[in-house]
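Colleague: Input file: run_20.pdb. Contents: PDB, C-alpha atoms, pLDDT in the B column.
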ATOM      1  CA  MET O  15     154.753 150.152-159.312  1.00 82.00           C
ATOM      2  CA  LYS O  16     151.328 148.834-158.365  1.00 89.00           C
ATOM      3  CA  THR O  17     151.020 147.157-154.987  1.00 93.00           C
ATOM      4  CA  PRO O  18     147.814 145.106-154.813  1.00 94.00           C
ATOM      5  CA  PHE O  19     149.329 142.692-152.279  1.00 95.00           C
ATOM      6  CA  GLU O  20     150.026 143.456-148.641  1.00 96.00           C
ATOM      7  CA  GLY O  21     151.593 141.557-145.790  1.00 95.00           C
ATOM      8  CA  GLN O  22     154.156 138.806-145.708  1.00 94.00           C
ATOM      9  CA  LYS O  23     155.805 138.173-149.089  1.00 94.00           C
ATOM     10  CA  SER O  24     153.965 141.157-150.611  1.00 96.00           C
ATOM     11  CA  GLN O  25     157.169 142.516-152.164  1.00 95.00           C
ATOM     12  CA  GLN O  26     157.657 139.238-154.028  1.00 95.00           C
ATOM     13  CA  TYR O  27     154.015 139.012-155.103  1.00 96.00           C
ATOM     14  CA  ASN O  28     153.959 142.634-156.247  1.00 96.00           C
ATOM     15  CA  ALA O  29     157.208 142.173-158.192  1.00 96.00           C
ATOM     16  CA  ILE O  30     155.793 139.240-160.163  1.00 97.00           C
ATOM     17  CA  TYR O  31     152.450 141.025-160.616  1.00 97.00           C
ATOM     18  CA  ASN O  32     154.139 144.129-162.018  1.00 96.00           C
ATOM     19  CA  ALA O  33     156.456 142.106-164.252  1.00 97.00           C
ATOM     20  CA  ILE O  34     153.440 140.353-165.805  1.00 97.00           C
ATOM     21  CA  ILE O  35     151.549 143.627-166.296  1.00 97.00           C
ATOM     22  CA  ASP O  36     154.619 145.338-167.782  1.00 97.00           C
ATOM     23  CA  CYS O  37     155.365 142.444-170.149  1.00 98.00           C
ATOM     24  CA  GLY O  38     151.745 142.500-171.324  1.00 97.00           C
ATOM     25  CA  ASN O  39     151.977 146.231-171.962  1.00 97.00           C
ATOM     26  CA  ASP O  40     155.290 145.833-173.789  1.00 97.00           C
ATOM     27  CA  ASN O  41     153.635 143.233-176.020  1.00 97.00           C
ATOM     28  CA  ALA O  42     150.592 145.457-176.611  1.00 97.00           C
ATOM     29  CA  GLU O  43     152.834 148.357-177.579  1.00 97.00           C
ATOM     30  CA  HIS O  44     154.713 146.082-179.994  1.00 95.00           C
ATOM     31  CA  LEU O  45     151.390 145.057-181.575  1.00 95.00           C
ATOM     32  CA  GLY O  46     150.094 148.641-181.680  1.00 96.00           C
ATOM     33  CA  GLU O  47     147.298 147.816-179.243  1.00 95.00           C
ATOM     34  CA  PRO O  48     146.192 149.696-176.120  1.00 94.00           C
ATOM     35  CA  LYS O  49     148.320 149.277-173.014  1.00 95.00           C
ATOM     36  CA  ASP O  50     146.313 148.439-169.885  1.00 95.00           C
ATOM     37  CA  ASP O  51     146.218 145.933-167.051  1.00 91.00           C
ATOM     38  CA  ASN O  52     144.342 143.430-169.246  1.00 95.00           C
ATOM     39  CA  ALA O  53     146.963 143.373-172.022  1.00 97.00           C
ATOM     40  CA  CYS O  54     148.797 140.676-170.074  1.00 97.00           C
ATOM     41  CA  TYR O  55     146.085 138.136-170.900  1.00 97.00           C
ATOM     42  CA  VAL O  56     146.825 138.343-174.624  1.00 95.00           C
ATOM     43  CA  TRP O  57     150.553 138.079-173.925  1.00 97.00           C
ATOM     44  CA  LEU O  58     150.113 135.084-171.577  1.00 97.00           C
ATOM     45  CA  ASP O  59     147.836 133.329-174.063  1.00 96.00           C
ATOM     46  CA  LYS O  60     150.236 133.639-176.996  1.00 95.00           C
ATOM     47  CA  ILE O  61     153.778 133.430-175.622  1.00 97.00           C
ATOM     48  CA  PRO O  62     155.696 130.118-175.491  1.00 97.00           C
ATOM     49  CA  LYS O  63     156.630 128.999-171.959  1.00 96.00           C
ATOM     50  CA  THR O  64     160.355 129.378-172.528  1.00 97.00           C
ATOM     51  CA  SER O  65     159.951 132.916-173.858  1.00 97.00           C
ATOM     52  CA  LEU O  66     157.605 133.760-170.982  1.00 97.00           C
ATOM     53  CA  THR O  67     160.282 132.685-168.517  1.00 97.00           C
ATOM     54  CA  VAL O  68     162.976 134.751-170.219  1.00 98.00           C
ATOM     55  CA  GLU O  69     160.802 137.849-170.512  1.00 98.00           C
ATOM     56  CA  LEU O  70     159.648 137.654-166.878  1.00 98.00           C
ATOM     57  CA  VAL O  71     163.185 137.261-165.554  1.00 98.00           C
ATOM     58  CA  ASP O  72     164.404 140.113-167.769  1.00 98.00           C
ATOM     59  CA  LYS O  73     161.529 142.339-166.609  1.00 97.00           C
ATOM     60  CA  LEU O  74     162.190 141.488-162.952  1.00 97.00           C
ATOM     61  CA  ASN O  75     165.839 142.449-163.477  1.00 98.00           C
ATOM     62  CA  GLU O  76     164.691 145.703-165.090  1.00 97.00           C
ATOM     63  CA  LEU O  77     162.535 146.380-162.011  1.00 95.00           C
ATOM     64  CA  GLY O  78     165.567 145.830-159.770  1.00 96.00           C
ATOM     65  CA  PHE O  79     164.949 142.244-158.655  1.00 96.00           C
ATOM     66  CA  GLU O  80     167.162 139.203-159.025  1.00 95.00           C
ATOM     67  CA  ILE O  81     166.079 135.611-158.518  1.00 94.00           C
ATOM     68  CA  ILE O  82     168.600 133.857-156.326  1.00 94.00           C
ATOM     69  CA  LYS O  83     168.483 130.637-154.347  1.00 94.00           C
ATOM     70  CA  SER O  84     168.371 131.355-150.642  1.00 91.00           C
TER      71      SER O  84
END
Is it possible to give me this structure as structure tokens?
Modeller:
Amino acid sequence: MKTPFEGQKSQQYNAIYNAIIDCGNDNAEHLGEPKDDNACYVWLDKIPKTSLTVELVDKLNELGFEIIKS
């Protein structure tokens, strides 16, 4: 897991960051394109908002996170 953020809330920021990167790479793999940190831009540009929400939540769950109201 990449950790570009530090400090308060860094775990939350890094979780979202990694979920976006991973979803972009999953999409690139599906399309037969190279997987890298920039693949997320293609994914974000093309995916409907509802699907984006579902895929991000699913990826966060895969990474061991759960969104709950505090």
Colleague: Select, from O:Ala33, O:Cys54, O:Ile82, O:Ala42, the residue with the minimum atom-to-atom distance to Thr67 (chain O), counting only C-alpha atoms.
Modeller: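 So, comparing all the options, the nearest one is O:Ala33.
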Colleague: Between CA of Asn39 (chain O) and CA of Ala53 (chain O), measure the distance and give it in Å to one decimal.
Modeller: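 Separation between CA of Asn39 (chain O) and CA of Ala53 (chain O): 5.8 Å.
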Colleague: Can you pull out every residue within 12 Å of Ile81 (chain O), counting only C-alpha atoms, but drop anything in the same chain fewer than 3 positions away, and send it as a PyMOL selection string?
Modeller: chain O and resi 26+29-30+67+70-75+77-78+84
Colleague: Could you check the closest approach to Asp51 (chain O) for each of O:Ile34, O:Lys63, O:Lys83, O:Tyr27 and tell me which residue wins, using only C-alpha atoms?
Modeller: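 Smallest separation from Asp51 (chain O) among the options: O:Ile34.
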Colleague: May I ask which of the residues O:Glu80, O:Ser24, O:Pro62, O:Ile35 is the closest one to Asp50 (chain O), counting only C-alpha atoms?
Modeller: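 The closest residue to Asp50 (chain O) is O:Ile35.
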Colleague: Work out how far CA of Asn41 (chain O) is from CA of Met15 (chain O), in Å to one decimal.
Modeller: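 Rounded to one decimal, the two atoms are 18.1 Å apart.
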